[in-house]
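**Student:** Sharing query_28.cif (mmCIF, C-alpha atoms) below.
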```cif
data_work
#
loop_
_atom_site.label_atom_id
_atom_site.label_comp_id
_atom_site.auth_asym_id
_atom_site.auth_seq_id
_atom_site.Cartn_x
_atom_site.Cartn_y
_atom_site.Cartn_z
CA MET A 877 0.00 0.00 0.00
CA ARG A 878 2.81 2.47 0.86
CA ALA A 879 4.57 1.83 -2.44
CA ASP A 880 1.36 2.68 -4.33
CA ARG A 881 0.98 5.82 -2.23
CA LEU A 882 4.55 6.93 -2.99
CA VAL A 883 3.93 6.50 -6.71
CA SER A 884 0.69 8.48 -6.43
CA LEU A 885 2.51 11.23 -4.54
CA VAL A 886 5.14 11.52 -7.29
CA LEU A 887 2.45 11.60 -9.98
CA LEU A 888 0.52 14.32 -8.15
CA LEU A 889 3.66 16.46 -8.07
CA ARG A 890 4.34 15.64 -11.72
CA ARG A 891 0.88 16.76 -12.75
CA HIS A 892 0.34 19.80 -10.53
CA GLY A 893 3.85 21.04 -9.87
CA ARG A 894 4.11 22.49 -6.35
CA LEU A 895 1.63 21.23 -3.76
CA SER A 896 1.38 21.82 -0.02
CA ALA A 897 1.57 18.99 2.50
CA GLU A 898 -2.07 19.63 3.40
CA THR A 899 -3.17 19.28 -0.23
CA LEU A 900 -1.17 16.09 -0.70
CA ALA A 901 -2.62 14.66 2.50
CA ARG A 902 -6.15 15.41 1.29
CA GLU A 903 -5.55 13.85 -2.13
CA LEU A 904 -3.91 10.73 -0.70
CA GLU A 905 -6.36 10.45 2.22
CA VAL A 906 -3.61 10.34 4.85
CA SER A 907 -2.29 12.69 7.52
CA THR A 908 0.20 15.50 6.85
CA ARG A 909 2.68 13.67 9.08
CA THR A 910 2.44 10.65 6.78
CA VAL A 911 3.05 12.90 3.78
CA LEU A 912 6.20 14.32 5.38
CA ARG A 913 7.49 10.80 6.07
CA ASP A 914 6.75 9.82 2.47
CA ILE A 915 8.59 12.89 1.16
CA GLU A 916 11.61 11.91 3.24
CA ALA A 917 11.42 8.33 1.93
CA LEU A 918 11.33 9.58 -1.66
CA SER A 919 14.35 11.81 -1.10
CA THR A 920 16.26 8.91 0.43
CA ALA A 921 15.38 6.79 -2.62
CA GLY A 922 16.84 9.41 -4.94
CA VAL A 923 13.63 11.06 -6.18
CA PRO A 924 14.45 14.78 -6.64
CA VAL A 925 11.71 16.25 -4.47
CA TYR A 926 12.40 19.48 -2.63
CA ALA A 927 10.55 21.88 -0.30
CA GLU A 928 9.80 25.52 -1.01
CA ARG A 929 9.29 27.74 2.02
CA GLY A 930 6.92 30.64 2.40
CA ARG A 931 3.22 31.39 2.22
CA HIS A 932 2.80 29.73 -1.15
CA GLY A 933 5.39 27.05 -0.56
CA GLY A 934 5.07 23.31 -0.73
CA PHE A 935 6.80 20.34 -2.31
CA ALA A 936 7.87 19.99 -5.92
CA LEU A 937 10.01 17.85 -8.21
CA LEU A 938 13.05 19.08 -10.06
CA PRO A 939 12.12 20.11 -13.63
CA GLY A 940 12.41 17.31 -16.18
CA PHE A 941 11.95 14.43 -13.74
CA ARG A 942 9.63 11.75 -15.12
CA THR A 943 8.55 8.36 -13.81
CA GLU A 944 8.94 5.32 -16.02
CA LEU A 945 5.44 4.12 -16.86
CA THR A 946 4.12 2.20 -19.84
CA GLY A 947 3.01 4.62 -22.56
CA LEU A 948 -0.54 4.64 -23.92
CA ASN A 949 -1.85 6.04 -27.16
CA HIS A 950 -4.48 8.77 -27.19
CA ASP A 951 -7.57 6.60 -27.67
CA GLU A 952 -6.48 4.04 -25.05
CA ALA A 953 -5.89 6.74 -22.48
CA LEU A 954 -9.14 8.52 -23.33
CA ALA A 955 -11.08 5.26 -22.90
CA LEU A 956 -9.58 4.76 -19.44
CA LEU A 957 -10.21 8.36 -18.45
CA ILE A 958 -13.87 8.03 -19.44
CA ALA A 959 -14.13 4.74 -17.56
CA GLY A 960 -12.84 6.61 -14.55
CA SER A 961 -15.93 8.82 -14.59
CA ARG A 962 -18.25 5.91 -13.98
CA ARG A 963 -19.58 5.13 -10.52
CA GLY A 964 -19.17 1.36 -10.83
CA ALA A 965 -15.85 1.45 -9.01
CA GLN A 966 -17.58 3.01 -6.01
CA ALA A 967 -19.91 0.02 -5.82
CA PHE A 968 -16.88 -2.27 -5.44
CA GLY A 969 -15.00 -0.08 -2.98
CA LEU A 970 -12.38 0.88 -5.58
CA GLY A 971 -13.02 4.61 -5.80
CA SER A 972 -9.64 5.73 -4.41
CA ALA A 973 -7.80 3.08 -6.43
CA LEU A 974 -9.54 4.30 -9.60
CA ALA A 975 -8.54 7.89 -8.90
CA SER A 976 -4.93 6.79 -8.48
CA ALA A 977 -5.06 4.73 -11.68
CA VAL A 978 -6.45 7.63 -13.69
CA LEU A 979 -3.64 9.82 -12.39
CA LYS A 980 -1.10 7.27 -13.64
CA VAL A 981 -2.84 7.08 -17.01
CA VAL A 982 -2.58 10.82 -17.49
CA ASP A 983 1.09 10.86 -16.53
CA ALA A 984 1.84 7.96 -18.87
CA LEU A 985 0.64 9.84 -21.94
CA PRO A 986 3.16 11.32 -24.34
CA GLU A 987 3.56 14.96 -23.35
CA ASN A 988 2.48 16.34 -26.73
CA TYR A 989 -1.13 15.17 -26.31
CA ARG A 990 -1.50 14.60 -22.56
CA GLU A 991 -3.44 17.85 -22.24
CA ILE A 992 -5.50 17.07 -25.35
CA ALA A 993 -6.72 13.75 -23.88
CA SER A 994 -7.58 15.36 -20.54
CA GLU A 995 -9.58 18.09 -22.27
CA ALA A 996 -11.34 15.51 -24.45
CA ALA A 997 -12.39 13.54 -21.35
CA GLU A 998 -14.00 16.71 -19.98
CA ARG A 999 -16.30 16.72 -23.04
CA LEU A 1000 -17.78 13.28 -22.32
CA LEU A 1001 -19.98 12.45 -19.32
CA ILE A 1002 -21.11 8.95 -18.37
CA ASP A 1003 -23.98 8.27 -15.95
CA PRO A 1004 -24.66 11.69 -14.35
CA GLU A 1005 -26.35 11.69 -10.95
CA THR A 1006 -29.66 13.01 -12.33
CA ASP A 1007 -31.61 12.65 -15.57
CA LEU A 1008 -33.09 15.43 -17.74
CA LEU A 1009 -36.05 15.78 -15.36
CA SER A 1010 -33.66 16.27 -12.40
CA ARG A 1011 -34.68 12.91 -10.97
CA ARG A 1012 -31.82 11.63 -8.86
CA LEU A 1013 -30.60 8.19 -9.89
CA ASP A 1014 -30.58 5.51 -7.21
CA THR A 1015 -27.10 4.98 -5.81
CA ASP A 1016 -26.31 2.62 -2.97
CA ASP A 1017 -24.60 4.02 0.11
CA LEU A 1018 -21.89 1.44 0.73
CA SER A 1019 -19.35 0.90 3.46
CA ASP A 1020 -15.83 0.71 2.01
CA THR A 1021 -14.80 -1.62 4.82
CA ILE A 1022 -17.58 -4.11 4.10
CA VAL A 1023 -17.21 -3.97 0.32
CA THR A 1024 -13.44 -4.40 0.58
CA GLU A 1025 -13.90 -7.52 2.72
CA VAL A 1026 -16.42 -8.94 0.25
CA ARG A 1027 -14.19 -8.15 -2.71
CA ARG A 1028 -11.20 -9.85 -1.06
CA ALA A 1029 -13.18 -13.03 -0.49
CA VAL A 1030 -14.43 -13.02 -4.10
CA LEU A 1031 -10.97 -12.57 -5.59
CA ALA A 1032 -9.22 -14.94 -3.17
CA GLY A 1033 -11.83 -17.66 -3.62
CA HIS A 1034 -12.59 -17.91 0.10
CA LYS A 1035 -15.86 -18.49 1.90
CA LEU A 1036 -17.55 -15.38 3.25
CA ARG A 1037 -19.65 -14.72 6.36
CA ILE A 1038 -22.14 -11.88 5.91
CA ASP A 1039 -24.64 -10.30 8.25
CA TYR A 1040 -27.40 -9.70 5.74
CA ALA A 1041 -30.66 -7.79 6.18
CA ALA A 1042 -33.12 -9.15 3.62
CA VAL A 1043 -36.17 -7.08 2.72
CA GLY A 1044 -38.74 -7.34 5.50
CA HIS A 1045 -36.38 -9.25 7.80
CA GLY A 1046 -33.78 -8.43 10.41
CA ALA A 1047 -30.09 -8.97 9.79
CA ALA A 1048 -28.83 -12.55 10.16
CA TRP A 1049 -25.45 -14.18 9.69
CA ARG A 1050 -24.92 -16.71 6.92
CA THR A 1051 -21.89 -18.30 5.24
CA VAL A 1052 -21.77 -18.21 1.46
CA ASP A 1053 -19.48 -19.20 -1.40
CA PRO A 1054 -18.88 -15.99 -3.38
CA ILE A 1055 -18.84 -16.21 -7.17
CA GLY A 1056 -18.55 -12.62 -8.36
CA LEU A 1057 -19.60 -8.99 -8.04
CA VAL A 1058 -21.96 -7.15 -10.40
CA THR A 1059 -22.89 -3.48 -10.56
CA VAL A 1060 -26.12 -2.38 -12.26
CA ARG A 1061 -27.00 1.33 -12.42
CA SER A 1062 -24.61 2.02 -9.54
CA GLN A 1063 -26.14 -0.72 -7.38
CA GLY A 1064 -23.80 -3.53 -6.38
CA TYR A 1065 -24.67 -7.21 -6.01
CA LEU A 1066 -22.82 -10.27 -4.74
CA LEU A 1067 -23.46 -13.46 -6.69
CA ALA A 1068 -22.90 -16.48 -4.48
CA THR A 1069 -24.14 -19.94 -3.56
CA ARG A 1070 -25.34 -21.08 -0.17
CA SER A 1071 -25.49 -24.80 0.53
CA GLY A 1072 -25.24 -25.27 -3.25
CA ALA A 1073 -28.22 -23.01 -4.09
CA ASP A 1074 -27.85 -19.80 -6.11
CA ARG A 1075 -28.14 -16.62 -4.07
CA THR A 1076 -27.92 -12.93 -4.98
CA TYR A 1077 -27.22 -10.36 -2.26
CA ARG A 1078 -27.45 -6.60 -2.59
CA LEU A 1079 -24.26 -5.08 -1.20
CA SER A 1080 -26.05 -2.20 0.51
CA ARG A 1081 -27.95 -4.70 2.69
CA ILE A 1082 -24.81 -6.38 4.03
CA VAL A 1083 -24.38 -5.08 7.58
CA ALA A 1084 -21.03 -6.78 8.22
CA ALA A 1085 -18.73 -9.17 6.36
CA GLU A 1086 -15.86 -11.48 7.27
CA GLU A 1087 -13.58 -13.33 4.86
CA LEU A 1088 -12.86 -16.88 6.01
CA ASP A 1089 -9.74 -18.94 5.41
CA GLU A 1090 -11.74 -21.88 4.03
CA PRO A 1091 -11.75 -22.20 0.21
CA ALA A 1092 -15.07 -21.44 -1.47
CA GLN A 1093 -16.91 -24.25 -3.23
CA ARG A 1094 -17.26 -22.80 -6.72
CA PRO A 1095 -16.26 -23.52 -10.34
CA GLU A 1096 -12.74 -22.52 -11.34
CA ARG A 1097 -14.11 -20.47 -14.24
CA VAL A 1098 -17.29 -18.43 -14.46
CA ASP A 1099 -19.14 -16.50 -17.17
CA LEU A 1100 -20.39 -13.71 -14.94
CA ASP A 1101 -22.56 -12.14 -17.64
CA GLN A 1102 -24.35 -15.43 -18.26
CA ALA A 1103 -24.71 -16.03 -14.51
CA TRP A 1104 -26.31 -12.61 -14.09
CA GLN A 1105 -28.72 -13.26 -16.95
CA GLN A 1106 -29.77 -16.54 -15.31
CA ARG A 1107 -30.28 -14.87 -11.92
CA SER A 1108 -32.32 -12.12 -13.58
CA ALA A 1109 -34.54 -14.69 -15.30
CA GLN A 1110 -35.06 -16.51 -12.01
CA PHE A 1111 -36.00 -13.25 -10.32
CA ARG A 1112 -38.48 -12.32 -13.03
CA ALA A 1113 -40.13 -15.73 -12.79
CA GLY A 1114 -40.45 -15.56 -9.03
CA GLY A 1115 -43.60 -13.44 -8.60
CA ASP A 1116 -47.26 -13.51 -9.58
CA LEU A 1117 -46.56 -12.66 -13.20
CA VAL A 1118 -49.18 -10.76 -15.18
CA THR A 1119 -49.45 -10.91 -18.98
CA VAL A 1120 -51.07 -7.90 -20.62
CA GLN A 1121 -52.26 -7.28 -24.18
CA VAL A 1122 -52.05 -3.59 -24.96
CA ARG A 1123 -52.34 -1.12 -27.83
CA VAL A 1124 -49.73 1.62 -27.53
CA ASN A 1125 -48.72 4.75 -29.41
CA PRO A 1126 -45.42 3.98 -31.20
CA THR A 1127 -43.81 7.01 -29.57
CA ARG A 1128 -44.28 5.38 -26.13
CA ARG A 1129 -43.19 1.87 -27.14
CA GLU A 1130 -39.72 2.10 -25.58
CA GLU A 1131 -41.20 3.27 -22.30
CA LEU A 1132 -43.58 0.32 -22.20
CA VAL A 1133 -40.89 -2.18 -23.13
CA GLY A 1134 -38.50 -0.66 -20.60
CA THR A 1135 -40.89 -1.15 -17.70
CA SER A 1136 -42.02 -4.68 -18.63
CA LEU A 1137 -40.20 -7.91 -17.82
CA ALA A 1138 -40.61 -9.45 -21.26
CA VAL A 1139 -42.22 -8.84 -24.66
CA HIS A 1140 -43.90 -11.94 -26.12
CA SER A 1141 -45.34 -10.56 -29.34
CA GLU A 1142 -45.61 -7.32 -31.27
CA GLU A 1143 -47.45 -6.20 -34.42
CA ALA A 1144 -48.80 -3.02 -35.94
CA ASP A 1145 -52.55 -2.53 -36.34
CA HIS A 1146 -54.04 -1.00 -39.49
CA ASP A 1147 -54.05 2.46 -37.90
CA GLY A 1148 -50.34 2.33 -37.07
CA VAL A 1149 -50.85 1.72 -33.34
CA LEU A 1150 -48.72 -1.11 -31.96
CA ARG A 1151 -50.27 -4.17 -30.34
CA LEU A 1152 -48.00 -5.89 -27.80
CA GLU A 1153 -48.21 -8.75 -25.34
CA VAL A 1154 -45.99 -8.03 -22.36
CA THR A 1155 -45.37 -9.46 -18.90
CA PHE A 1156 -45.13 -7.61 -15.58
CA GLN A 1157 -43.90 -8.78 -12.16
CA ASP A 1158 -47.35 -8.61 -10.53
CA SER A 1159 -50.67 -6.74 -10.62
CA ARG A 1160 -49.32 -3.61 -8.91
CA HIS A 1161 -46.44 -3.44 -11.38
CA ALA A 1162 -48.83 -3.82 -14.33
CA GLU A 1163 -51.26 -1.16 -13.08
CA TRP A 1164 -48.45 1.31 -12.32
CA ALA A 1165 -46.77 0.82 -15.70
CA MET A 1166 -49.97 1.24 -17.71
CA TRP A 1167 -51.05 4.29 -15.71
CA GLN A 1168 -47.79 6.05 -16.64
CA LEU A 1169 -48.73 5.80 -20.33
CA ALA A 1170 -52.08 7.56 -19.79
CA THR A 1171 -54.11 7.82 -23.03
CA ASP A 1172 -51.17 6.70 -25.17
CA ALA A 1173 -51.97 3.08 -24.30
CA GLU A 1174 -55.12 0.97 -24.02
CA VAL A 1175 -55.18 -2.31 -22.10
CA LEU A 1176 -57.10 -4.98 -24.01
CA THR A 1177 -56.71 -7.80 -21.50
CA PRO A 1178 -56.97 -8.78 -18.69
CA PRO A 1179 -60.39 -7.28 -17.84
CA TRP A 1180 -59.51 -6.67 -14.17
CA LEU A 1181 -56.65 -4.37 -15.21
CA ARG A 1182 -58.96 -2.34 -17.48
CA ASP A 1183 -61.39 -2.00 -14.57
CA ALA A 1184 -58.64 -0.95 -12.15
CA LEU A 1185 -57.43 1.77 -14.53
CA ARG A 1186 -61.00 2.97 -15.13
CA LYS A 1187 -61.60 3.30 -11.37
CA ARG A 1188 -58.34 5.15 -10.91
CA ALA A 1189 -59.21 7.59 -13.71
CA ALA A 1190 -62.72 8.13 -12.30
CA ALA A 1191 -61.25 8.91 -8.87
CA LEU A 1192 -58.94 11.47 -10.46
CA VAL A 1193 -61.85 13.15 -12.28
CA THR A 1194 -63.78 13.35 -9.00
CA CYS A 1195 -60.77 14.88 -7.26
CA TYR A 1196 -60.51 17.68 -9.82
CA GLU A 1197 -64.20 18.46 -10.24
CA THR A 1198 -65.02 22.13 -9.58
CA SER A 1199 -67.95 23.18 -7.40
CA SER A 1200 -69.91 24.19 -10.54
CA ASP A 1201 -69.29 20.72 -12.01
CA ARG A 1202 -70.78 19.17 -8.91
#
```
Rewrite the coordinates I just gave you, this time as structure tokens.

**Tutor:**
Amino acid sequence: MRADRLVSLVLLLRRHGRLSAETLARELEVSTRTVLRDIEALSTAGVPVYAERGRHGGFALLPGFRTELTGLNHDEALALLIAGSRRGAQAFGLGSALASAVLKVVDALPENYREIASEAAERLLIDPETDLLSRRLDTDDLSDTIVTEVRRAVLAGHKLRIDYAAVGHGAAWRTVDPIGLVTVRSQGYLLATRSGADRTYRLSRIVAAEELDEPAQRPERVDLDQAWQQRSAQFRAGGDLVTVQVRVNPTRREELVGTSLAVHSEEADHDGVLRLEVTFQDSRHAEWAMWQLATDAEVLTPPWLRDALRKRAAALVTCYETSSDR
């Protein structure tokens, strides 16, 4: 860990020139005393770092000093810089490591287009915190300590004890065999088995975690994408599924498809309106999804869903009736 920190310290000075001990401590997430010890260690190792006194003083490297890192071309570096803007690393407890890696990427670029790549990365934004309607995207609040322990068990292939709070239940300890970690829309999940049965745990619901020394019982190789698809299919099949036949305005098709679990059939009627057969998780899901489409969609079947939407619309009309209407 200290070696990585020393490299990061050198790269910070390479990129920014002169920095104070307080600024370095904040960037490296350590104390100023640790920074001073690291500066001394670098000087002892022959790195030409020196101190400048005064109000605007700090630490700096002698001009021309450069670390030996593998060079990257412009597109490779830009791809990594853009990847660094994603929040997936936060879901795995790798936020600080990602920041350090991006710093190394920038320093590794040939000097003639290092600034060009950095400026290009500023022009591209991936997964902002809100959408166009200012709706904040769901992001799990995760403990770095817990996620780090889970990640270590996954990568080491060891069994893992987790204190897990399932929905509607209190937290309880269980021992699992971790398979892999998945992040979806900034929400992290642990794929594991328990007593041989597939289990999926949301990282934000793990109250505590402990890596065990015992090897995990799991295949040597795993196709994590395929495993996630299988878990998703199992989840979708686990409720009181509702199949709905609906006519929908083509401009709202993507919205309908995006909220449904599956699309079984689709065709265009003579008037250009689309007729789809889709599946929802349960009755509440179906009613909510169809209500969002308002008059741009008409439920054909099942009859109970048509009746539920009619009653909801009638209640809304009653709510907004004026005194003269009454």

**Student:** Evaluated on this file, the PyMOL selection byres ((chain A and resi 910) around 12) picks out some residues - which ones are they, written as a PyMOL selection string?

**Tutor:** chain A and resi 878+881-882+885+897-898+900-902+904-909+911-917

**Student:** Expressed in Å to a single decimal, how great is the separation between CA of Ala1042 (chain A) and CA of Leu1066 (chain A)?

**Tutor:**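 CA of Leu1066 (chain A) lies at a distance of 13.3 Å from CA of Ala1042 (chain A).
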
**Student:** Provide the CA of Arg929 (chain A) to CA of Leu887 (chain A) distance in Å, to one decimal place.

**Tutor:** 21.2 Å

**Student:** Separation of CA of Ala1092 (chain A) and CA of His1034 (chain A), in Å?

**Tutor:**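 It comes out at 4.6 Å.
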
**Student:** Counting all atoms listed in the file, which of A:Glu1087, A:Asp1116, A:Pro1095, A:His892 gets nearest to Ala1029 (chain A)?

**Tutor:**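 Looking at the shortest contact to Ala1029 (chain A), the residue is A:Glu1087.
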
**Student:** Using the chain letters and residue numbers of this document, give as number ranges by chain the residues selected by the PyMOL selection byres ((chain A and resi 1025) around 10).

**Tutor:** A: 969, 1020-1024, 1026-1030, 1036-1038, 1084-1088
